[in-house]
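Quick look at input_27.cif (mmCIF, C-alpha atoms):
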```
data_entry
#
loop_
_atom_site.label_atom_id
_atom_site.label_comp_id
_atom_site.auth_asym_id
_atom_site.auth_seq_id
_atom_site.Cartn_x
_atom_site.Cartn_y
_atom_site.Cartn_z
CA MET A 1 -16.96 -51.84 15.76
CA SER A 2 -15.21 -51.16 12.44
CA GLN A 3 -18.24 -52.31 10.42
CA ALA A 4 -20.74 -50.34 12.53
CA LEU A 5 -22.32 -47.52 10.54
CA VAL A 6 -21.95 -43.77 11.02
CA TRP A 7 -23.30 -40.76 9.16
CA TYR A 8 -20.22 -38.75 8.14
CA VAL A 9 -21.50 -35.17 7.81
CA SER A 10 -19.33 -33.41 5.26
CA TYR A 11 -19.14 -29.72 4.45
CA GLY A 12 -16.90 -27.80 2.08
CA SER A 13 -15.37 -29.79 -0.77
CA ASN A 14 -16.14 -33.17 0.82
CA MET A 15 -19.81 -32.73 -0.02
CA ALA A 16 -18.93 -33.59 -3.64
CA ARG A 17 -19.41 -37.29 -4.37
CA ASP A 18 -16.30 -37.51 -6.59
CA ARG A 19 -14.17 -35.81 -3.93
CA LEU A 20 -15.30 -38.28 -1.28
CA ALA A 21 -14.56 -41.15 -3.69
CA CYS A 22 -10.88 -40.16 -3.63
CA TYR A 23 -10.84 -40.74 0.13
CA LEU A 24 -12.54 -44.11 -0.22
CA GLN A 25 -11.06 -45.50 -3.45
CA GLY A 26 -7.91 -43.40 -3.80
CA GLY A 27 -7.04 -40.81 -6.39
CA ARG A 28 -6.62 -37.10 -6.96
CA PRO A 29 -9.57 -34.71 -7.08
CA PRO A 30 -9.67 -32.35 -10.10
CA GLY A 31 -7.57 -29.25 -9.36
CA ALA A 32 -5.90 -30.78 -6.28
CA HIS A 33 -2.14 -31.06 -5.69
CA VAL A 34 -2.36 -34.30 -3.65
CA SER A 35 -3.36 -37.89 -4.39
CA TYR A 36 -4.98 -40.00 -1.68
CA PRO A 37 -4.29 -43.67 -0.92
CA GLY A 38 -7.96 -44.39 -0.24
CA ALA A 39 -9.62 -46.24 2.61
CA ARG A 40 -8.98 -49.85 3.56
CA ASP A 41 -12.54 -50.48 2.40
CA GLY A 42 -13.28 -48.60 -0.82
CA THR A 43 -16.98 -49.49 -0.90
CA PRO A 44 -19.14 -46.49 -1.86
CA PRO A 45 -21.42 -44.99 0.83
CA ARG A 46 -24.59 -46.96 1.49
CA ALA A 47 -26.66 -43.76 1.35
CA GLU A 48 -26.32 -40.01 1.25
CA ALA A 49 -28.60 -37.25 2.50
CA CYS A 50 -28.69 -33.49 2.75
CA VAL A 51 -28.24 -31.86 6.13
CA GLU A 52 -28.51 -28.26 7.26
CA LEU A 53 -26.05 -27.58 10.06
CA PRO A 54 -26.87 -24.74 12.46
CA GLY A 55 -23.30 -23.37 12.43
CA THR A 56 -21.24 -21.75 9.70
CA ILE A 57 -18.14 -22.47 7.66
CA TYR A 58 -15.14 -20.18 7.37
CA PHE A 59 -11.88 -20.37 5.45
CA ALA A 60 -8.51 -20.32 7.21
CA GLY A 61 -4.97 -21.63 6.95
CA SER A 62 -3.29 -22.83 3.80
CA SER A 63 -4.34 -26.07 2.16
CA LYS A 64 -1.65 -28.52 0.99
CA VAL A 65 -4.29 -30.00 -1.29
CA TRP A 66 -5.74 -26.90 -2.97
CA GLY A 67 -3.56 -23.95 -1.92
CA GLY A 68 -5.43 -21.09 -0.24
CA GLY A 69 -7.87 -21.29 2.65
CA MET A 70 -9.54 -24.47 3.90
CA ALA A 71 -13.19 -24.72 5.00
CA PHE A 72 -13.79 -25.33 8.69
CA TYR A 73 -17.07 -25.66 10.58
CA ASP A 74 -17.82 -23.47 13.60
CA HIS A 75 -20.83 -24.80 15.50
CA HIS A 76 -20.87 -21.79 17.85
CA VAL A 77 -21.68 -19.22 15.14
CA PRO A 78 -25.22 -19.04 13.69
CA GLY A 79 -25.71 -20.63 10.27
CA PRO A 80 -27.14 -22.37 8.41
CA THR A 81 -24.52 -24.40 6.56
CA PRO A 82 -25.44 -26.86 3.82
CA ALA A 83 -23.83 -30.25 4.33
CA LYS A 84 -24.09 -33.78 3.03
CA ALA A 85 -24.21 -36.88 5.20
CA TYR A 86 -22.75 -40.15 3.90
CA LEU A 87 -23.66 -43.47 5.51
CA ILE A 88 -20.35 -45.32 5.82
CA THR A 89 -18.64 -47.72 8.20
CA ALA A 90 -16.77 -46.53 11.26
CA GLU A 91 -13.60 -47.90 9.64
CA GLN A 92 -14.19 -45.79 6.52
CA PHE A 93 -14.87 -42.73 8.66
CA ALA A 94 -11.58 -43.24 10.52
CA ASP A 95 -9.74 -43.62 7.19
CA ILE A 96 -11.29 -40.44 5.75
CA ALA A 97 -10.41 -38.54 8.92
CA ALA A 98 -6.84 -39.87 8.85
CA GLN A 99 -6.37 -38.68 5.27
CA GLU A 100 -7.81 -35.27 6.18
CA MET A 101 -5.25 -35.16 9.00
CA ASN A 102 -2.45 -35.97 6.50
CA ARG A 103 -1.97 -39.42 8.01
CA PRO A 104 -2.22 -42.84 6.37
CA PRO A 105 -5.26 -44.99 7.21
CA GLU A 106 -4.41 -47.57 9.86
CA ALA A 107 -6.09 -50.53 11.49
CA ASP A 108 -7.63 -50.14 14.94
CA SER A 109 -7.80 -46.36 14.80
CA PRO A 110 -9.37 -44.90 17.96
CA LEU A 111 -11.61 -42.83 15.67
CA GLU A 112 -13.51 -46.02 14.82
CA SER A 113 -15.08 -46.11 18.29
CA LEU A 114 -14.93 -42.44 19.30
CA ALA A 115 -18.20 -41.55 17.55
CA PHE A 116 -19.92 -44.23 19.63
CA ASP A 117 -18.20 -43.32 22.90
CA LEU A 118 -19.13 -39.63 22.91
CA PRO A 119 -22.63 -38.30 23.63
CA VAL A 120 -24.50 -36.14 21.13
CA GLY A 121 -23.17 -32.59 21.32
CA ALA A 122 -19.71 -33.63 22.49
CA SER A 123 -16.45 -32.83 20.75
CA HIS A 124 -13.03 -34.39 21.14
CA SER A 125 -9.70 -33.22 19.73
CA VAL A 126 -7.28 -35.93 18.66
CA GLY A 127 -4.66 -33.32 17.81
CA PRO A 128 -4.09 -29.59 17.33
CA GLY A 129 -4.34 -29.48 13.54
CA GLY A 130 -7.13 -28.76 11.14
CA TYR A 131 -9.81 -31.45 10.96
CA GLU A 132 -8.57 -33.09 14.17
CA THR A 133 -11.61 -32.25 16.30
CA LEU A 134 -14.50 -34.70 16.09
CA ILE A 135 -18.02 -33.44 16.81
CA VAL A 136 -20.95 -35.80 17.41
CA LEU A 137 -23.83 -33.84 15.89
CA ASP A 138 -26.79 -36.14 16.32
CA ASP A 139 -28.01 -39.69 16.60
CA VAL A 140 -30.20 -40.74 13.67
CA ASP A 141 -32.11 -43.90 14.51
CA GLY A 142 -29.19 -45.21 16.57
CA VAL A 143 -26.51 -44.20 14.03
CA PRO A 144 -24.18 -41.39 15.16
CA SER A 145 -23.92 -38.35 12.91
CA VAL A 146 -20.37 -36.96 13.09
CA THR A 147 -18.06 -34.44 11.47
CA PHE A 148 -14.59 -33.06 12.11
CA THR A 149 -13.20 -29.54 12.10
CA ALA A 150 -10.44 -27.45 13.66
CA PRO A 151 -10.12 -26.93 17.42
CA HIS A 152 -10.39 -23.14 16.94
CA GLY A 153 -13.48 -21.15 16.11
CA SER A 154 -13.89 -18.67 13.28
CA ALA A 155 -13.14 -15.68 15.54
CA ASP A 156 -9.89 -17.21 16.80
CA ILE A 157 -7.92 -17.30 13.55
CA GLU A 158 -7.17 -15.15 10.53
CA HIS A 159 -9.39 -15.96 7.57
CA THR A 160 -7.79 -16.76 4.20
CA GLN A 161 -9.13 -16.85 0.65
CA PRO A 162 -9.78 -20.29 -0.89
CA THR A 163 -8.59 -21.06 -4.43
CA GLU A 164 -10.92 -21.34 -7.41
CA PRO A 165 -10.46 -25.16 -7.81
CA TYR A 166 -11.46 -25.59 -4.17
CA LEU A 167 -14.48 -23.32 -4.58
CA ALA A 168 -15.47 -25.22 -7.75
CA MET A 169 -15.48 -28.49 -5.78
CA LEU A 170 -17.50 -26.81 -3.03
CA ARG A 171 -20.05 -25.58 -5.60
CA THR A 172 -20.33 -29.11 -7.03
CA GLY A 173 -21.02 -30.50 -3.58
CA THR A 174 -23.55 -27.78 -2.79
CA ALA A 175 -25.45 -28.60 -5.99
CA GLU A 176 -25.45 -32.29 -5.02
CA VAL A 177 -26.84 -31.40 -1.58
CA ARG A 178 -29.81 -29.70 -3.23
CA ASP A 179 -30.55 -32.95 -5.07
CA ALA A 180 -30.18 -35.31 -2.07
CA ALA A 181 -32.99 -36.46 0.22
CA GLU A 182 -33.01 -35.11 3.75
CA LEU A 183 -31.89 -37.17 6.75
CA PRO A 184 -34.79 -38.33 8.93
CA ARG A 185 -33.62 -35.89 11.64
CA ARG A 186 -31.44 -32.85 11.21
CA ALA A 187 -28.01 -32.82 12.76
CA ALA A 188 -28.04 -30.67 15.89
CA ALA A 189 -25.22 -28.43 16.98
CA PRO A 190 -23.49 -29.03 20.28
CA ALA A 191 -24.55 -26.68 23.03
#
```

Now, as a test, write the supplied structure out as C-alpha coordinates.
Amino acid sequence: MSQALVWYVSYGSNMARDRLACYLQGGRPPGAHVSYPGARDGTPPRAEACVELPGTIYFAGSSKVWGGGMAFYDHHVPGPTPAKAYLITAEQFADIAAQEMNRPPEADSPLESLAFDLPVGASHSVGPGGYETLIVLDDVDGVPSVTFTAPHGSADIEHTQPTEPYLAMLRTGTAEVRDAAELPRRAAAPA
(Lines of atoms letter the chains of each structure in order from A and count residues from 1; the text may use other names and numbers.)
(Lines give C-alpha, C1' and ligand atoms only; values in the text may rest on other atoms or scores of the structure.)
Protein backbone atom coordinates (compact mmCIF):
# COMPACT_ATOMS: atom_id res chain seq x y z
CA MET A 1 0.00 0.00 0.00
CA SER A 2 2.84 2.43 0.78
CA GLN A 3 3.87 2.63 -2.89
CA ALA A 4 0.31 3.09 -4.17
CA LEU A 5 -0.22 6.54 -5.63
CA VAL A 6 -2.41 9.37 -4.36
CA TRP A 7 -3.05 12.91 -5.53
CA TYR A 8 -2.19 15.13 -2.56
CA VAL A 9 -4.28 18.27 -3.09
CA SER A 10 -2.44 21.15 -1.46
CA TYR A 11 -3.68 24.66 -0.75
CA GLY A 12 -2.04 27.57 1.03
CA SER A 13 1.75 27.52 1.19
CA ASN A 14 2.02 23.84 0.23
CA MET A 15 1.08 24.70 -3.35
CA ALA A 16 4.64 26.03 -3.79
CA ARG A 17 6.96 23.38 -5.24
CA ASP A 18 9.93 24.44 -3.05
CA ARG A 19 7.77 24.33 0.08
CA LEU A 20 6.61 20.80 -0.70
CA ALA A 21 10.24 19.79 -1.34
CA CYS A 22 11.03 20.55 2.32
CA TYR A 23 8.45 17.95 3.36
CA LEU A 24 9.86 15.38 0.96
CA GLN A 25 13.61 16.04 1.08
CA GLY A 26 13.94 17.96 4.34
CA GLY A 27 14.89 21.56 4.92
CA ARG A 28 13.55 24.93 5.93
CA PRO A 29 11.30 26.99 3.65
CA PRO A 30 12.36 30.65 3.16
CA GLY A 31 10.94 32.77 5.98
CA ALA A 32 9.98 29.77 8.14
CA HIS A 33 11.04 29.17 11.75
CA VAL A 34 11.10 25.35 11.47
CA SER A 35 13.17 22.81 9.56
CA TYR A 36 11.61 19.55 8.42
CA PRO A 37 13.19 16.09 8.52
CA GLY A 38 11.70 15.13 5.16
CA ALA A 39 9.87 12.00 4.08
CA ARG A 40 11.26 8.48 4.20
CA ASP A 41 11.18 8.64 0.40
CA GLY A 42 12.40 12.02 -0.85
CA THR A 43 11.58 11.34 -4.51
CA PRO A 44 9.95 14.38 -6.18
CA PRO A 45 6.27 14.11 -7.17
CA ARG A 46 5.62 12.12 -10.34
CA ALA A 47 3.30 14.85 -11.63
CA GLU A 48 1.53 18.01 -10.56
CA ALA A 49 -1.70 19.60 -11.72
CA CYS A 50 -3.90 22.56 -10.94
CA VAL A 51 -7.19 21.99 -9.17
CA GLU A 52 -10.04 24.32 -8.31
CA LEU A 53 -11.65 23.30 -5.04
CA PRO A 54 -15.28 24.29 -4.49
CA GLY A 55 -14.67 25.41 -0.88
CA THR A 56 -12.66 28.28 0.55
CA ILE A 57 -9.58 28.82 2.68
CA TYR A 58 -9.46 30.86 5.86
CA PHE A 59 -6.69 31.77 8.28
CA ALA A 60 -6.84 30.80 11.96
CA GLY A 61 -4.65 29.85 14.89
CA SER A 62 -0.98 30.62 15.26
CA SER A 63 1.59 28.87 13.11
CA LYS A 64 4.76 27.51 14.74
CA VAL A 65 6.32 27.59 11.29
CA TRP A 66 5.46 31.10 10.10
CA GLY A 67 3.91 32.93 13.05
CA GLY A 68 0.43 34.35 12.42
CA GLY A 69 -2.58 32.57 10.98
CA MET A 70 -2.49 29.25 9.13
CA ALA A 71 -4.55 28.44 6.02
CA PHE A 72 -7.29 25.85 6.42
CA TYR A 73 -9.77 24.54 3.87
CA ASP A 74 -13.51 24.65 4.55
CA HIS A 75 -15.38 22.49 2.03
CA HIS A 76 -18.77 23.65 3.33
CA VAL A 77 -18.33 27.31 2.30
CA PRO A 78 -18.61 28.29 -1.39
CA GLY A 79 -15.32 28.92 -3.19
CA PRO A 80 -13.51 28.53 -5.45
CA THR A 81 -10.07 27.88 -4.00
CA PRO A 82 -7.00 27.41 -6.19
CA ALA A 83 -5.03 24.31 -5.26
CA LYS A 84 -2.27 22.13 -6.63
CA ALA A 85 -2.37 18.35 -6.76
CA TYR A 86 0.88 16.38 -6.48
CA LEU A 87 1.04 12.73 -7.54
CA ILE A 88 2.99 11.01 -4.76
CA THR A 89 3.04 7.68 -2.96
CA ALA A 90 0.75 6.93 -0.05
CA GLU A 91 3.87 6.69 2.12
CA GLN A 92 4.95 10.19 1.09
CA PHE A 93 1.45 11.52 1.74
CA ALA A 94 1.49 10.02 5.25
CA ASP A 95 4.92 11.59 5.89
CA ILE A 96 3.80 15.03 4.68
CA ALA A 97 0.69 14.81 6.85
CA ALA A 98 2.75 13.73 9.88
CA GLN A 99 5.06 16.72 9.49
CA GLU A 100 2.04 19.04 9.14
CA MET A 101 0.75 17.52 12.40
CA ASN A 102 4.13 18.25 14.08
CA ARG A 103 4.95 14.54 14.24
CA PRO A 104 7.90 12.65 12.80
CA PRO A 105 7.27 10.42 9.78
CA GLU A 106 6.89 6.78 10.82
CA ALA A 107 6.57 3.43 9.11
CA ASP A 108 3.16 1.81 8.80
CA SER A 109 1.22 5.01 9.39
CA PRO A 110 -2.55 4.44 9.19
CA LEU A 111 -2.69 7.46 6.85
CA GLU A 112 -1.07 5.31 4.16
CA SER A 113 -4.26 3.30 3.72
CA LEU A 114 -6.90 5.75 4.93
CA ALA A 115 -7.22 7.49 1.56
CA PHE A 116 -8.05 4.11 0.01
CA ASP A 117 -10.41 3.01 2.79
CA LEU A 118 -12.69 6.06 2.70
CA PRO A 119 -15.22 6.76 -0.06
CA VAL A 120 -15.12 9.97 -2.09
CA GLY A 121 -16.63 12.78 -0.05
CA ALA A 122 -15.72 11.25 3.31
CA SER A 123 -13.60 12.87 5.98
CA HIS A 124 -11.84 11.35 8.95
CA SER A 125 -10.15 13.09 11.88
CA VAL A 126 -7.02 11.45 13.23
CA GLY A 127 -6.77 14.07 15.97
CA PRO A 128 -8.14 17.41 17.15
CA GLY A 129 -5.38 19.64 15.80
CA GLY A 130 -4.93 21.60 12.64
CA TYR A 131 -4.37 19.50 9.52
CA GLU A 132 -5.52 16.33 11.29
CA THR A 133 -8.72 15.84 9.27
CA LEU A 134 -8.33 13.95 6.01
CA ILE A 135 -10.84 14.60 3.21
CA VAL A 136 -11.14 12.33 0.17
CA LEU A 137 -12.04 14.83 -2.55
CA ASP A 138 -12.26 12.70 -5.66
CA ASP A 139 -11.06 9.61 -7.47
CA VAL A 140 -9.05 10.41 -10.60
CA ASP A 141 -8.75 7.34 -12.79
CA GLY A 142 -8.58 5.08 -9.74
CA VAL A 143 -6.18 7.33 -7.79
CA PRO A 144 -7.66 9.00 -4.69
CA SER A 145 -7.43 12.79 -4.48
CA VAL A 146 -6.99 13.81 -0.83
CA THR A 147 -6.22 16.79 1.37
CA PHE A 148 -6.16 17.55 5.07
CA THR A 149 -7.49 20.45 7.11
CA ALA A 150 -8.77 21.28 10.59
CA PRO A 151 -11.81 19.59 12.12
CA HIS A 152 -13.53 22.99 12.53
CA GLY A 153 -15.07 25.12 9.83
CA SER A 154 -14.33 28.77 9.12
CA ALA A 155 -17.37 29.96 11.12
CA ASP A 156 -16.34 27.96 14.20
CA ILE A 157 -13.08 29.71 15.04
CA GLU A 158 -11.60 33.19 15.28
CA HIS A 159 -9.71 34.20 12.16
CA THR A 160 -6.12 35.44 12.47
CA GLN A 161 -3.82 37.37 10.15
CA PRO A 162 -1.08 35.40 8.36
CA THR A 163 2.48 36.76 8.24
CA GLU A 164 4.07 38.22 5.12
CA PRO A 165 6.54 35.29 4.62
CA TYR A 166 3.60 32.89 4.69
CA LEU A 167 1.62 35.01 2.23
CA ALA A 168 4.69 35.24 -0.03
CA MET A 169 4.88 31.42 -0.14
CA LEU A 170 1.15 31.27 -0.85
CA ARG A 171 1.55 33.75 -3.73
CA THR A 172 4.39 31.65 -5.16
CA GLY A 173 2.21 28.55 -5.06
CA THR A 174 -0.75 30.37 -6.61
CA ALA A 175 1.45 31.51 -9.51
CA GLU A 176 2.63 27.91 -10.00
CA VAL A 177 -0.98 26.72 -10.07
CA ARG A 178 -1.69 29.06 -12.97
CA ASP A 179 1.15 27.42 -14.90
CA ALA A 180 0.22 23.78 -14.15
CA ALA A 181 -1.97 21.56 -16.32
CA GLU A 182 -5.40 20.68 -15.00
CA LEU A 183 -6.22 17.28 -13.49
CA PRO A 184 -8.36 15.11 -15.78
CA ARG A 185 -11.29 15.58 -13.37
CA ARG A 186 -11.75 18.33 -10.82
CA ALA A 187 -11.70 17.45 -7.16
CA ALA A 188 -15.24 17.46 -5.80
CA ALA A 189 -16.22 18.68 -2.38
CA PRO A 190 -17.81 16.32 0.09
CA ALA A 191 -21.55 16.71 0.43

Expected selection from the PyMOL selection byres ((chain A and resi 23-40) around 8), given as a PyMOL selection string: chain A and resi 18-22+41-44+64-66+91-92+95-96+99+104-105+165-166

Contact residues around Leu167 in chain A with only C-alpha atoms at 9 Å, ignoring same-chain residues under 4 positions, as a PyMOL selection string: chain A and resi 12-13+162-163+171-172

Cut-off 7 Å around (-28.7, -38.8, 20.4) with only C-alpha atoms: residues as a PyMOL selection string: chain A and resi 119-120+138-139

Nearest to Gly67 in chain A by atom-to-atom distance, counting only C-alpha atoms, from A:Glu52, A:Gln161, A:Gly130, A:Thr89: A:Gln161

Using only C-alpha atoms: which of A:Val51, A:Val126, A:Ala94, A:Ala16 has the shortest distance to Asp108 in chain A: A:Ala94

Output of the PyMOL selection byres ((chain A and resi 5) around 8), listed as a ChimeraX atom specification: /A:3-4,6-7,87-90,143-144

Top pick for closest residue to Glu132 in chain A, considering A:Tyr86, A:Phe72, A:Tyr58, A:Phe116 and counting all atoms listed in the file: A:Phe72

Hits of the PyMOL selection byres ((chain A and resi 82) around 8) in this structure, as a list in words: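 On this input, the PyMOL selection byres ((chain A and resi 82) around 8) captures Tyr11, Cys50, Val51, Glu52, Leu53, Pro80, Thr81, Ala83, Lys84, Thr174 and Val177 of chain A.
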
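One distance worth recording is that between CA of Ala97 in chain A and CA of Ile157 in chain A, which is 21.9 Å.
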
Separation of CA of His75 in chain A from CA of Ile135 in chain A in Å: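 That distance, rounded to one decimal, is 9.2 Å.
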
Coordinates-based distance that separates CA of Glu176 in chain A from CA of Thr56 in chain A (Å, one decimal):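 It comes out at 18.6 Å.
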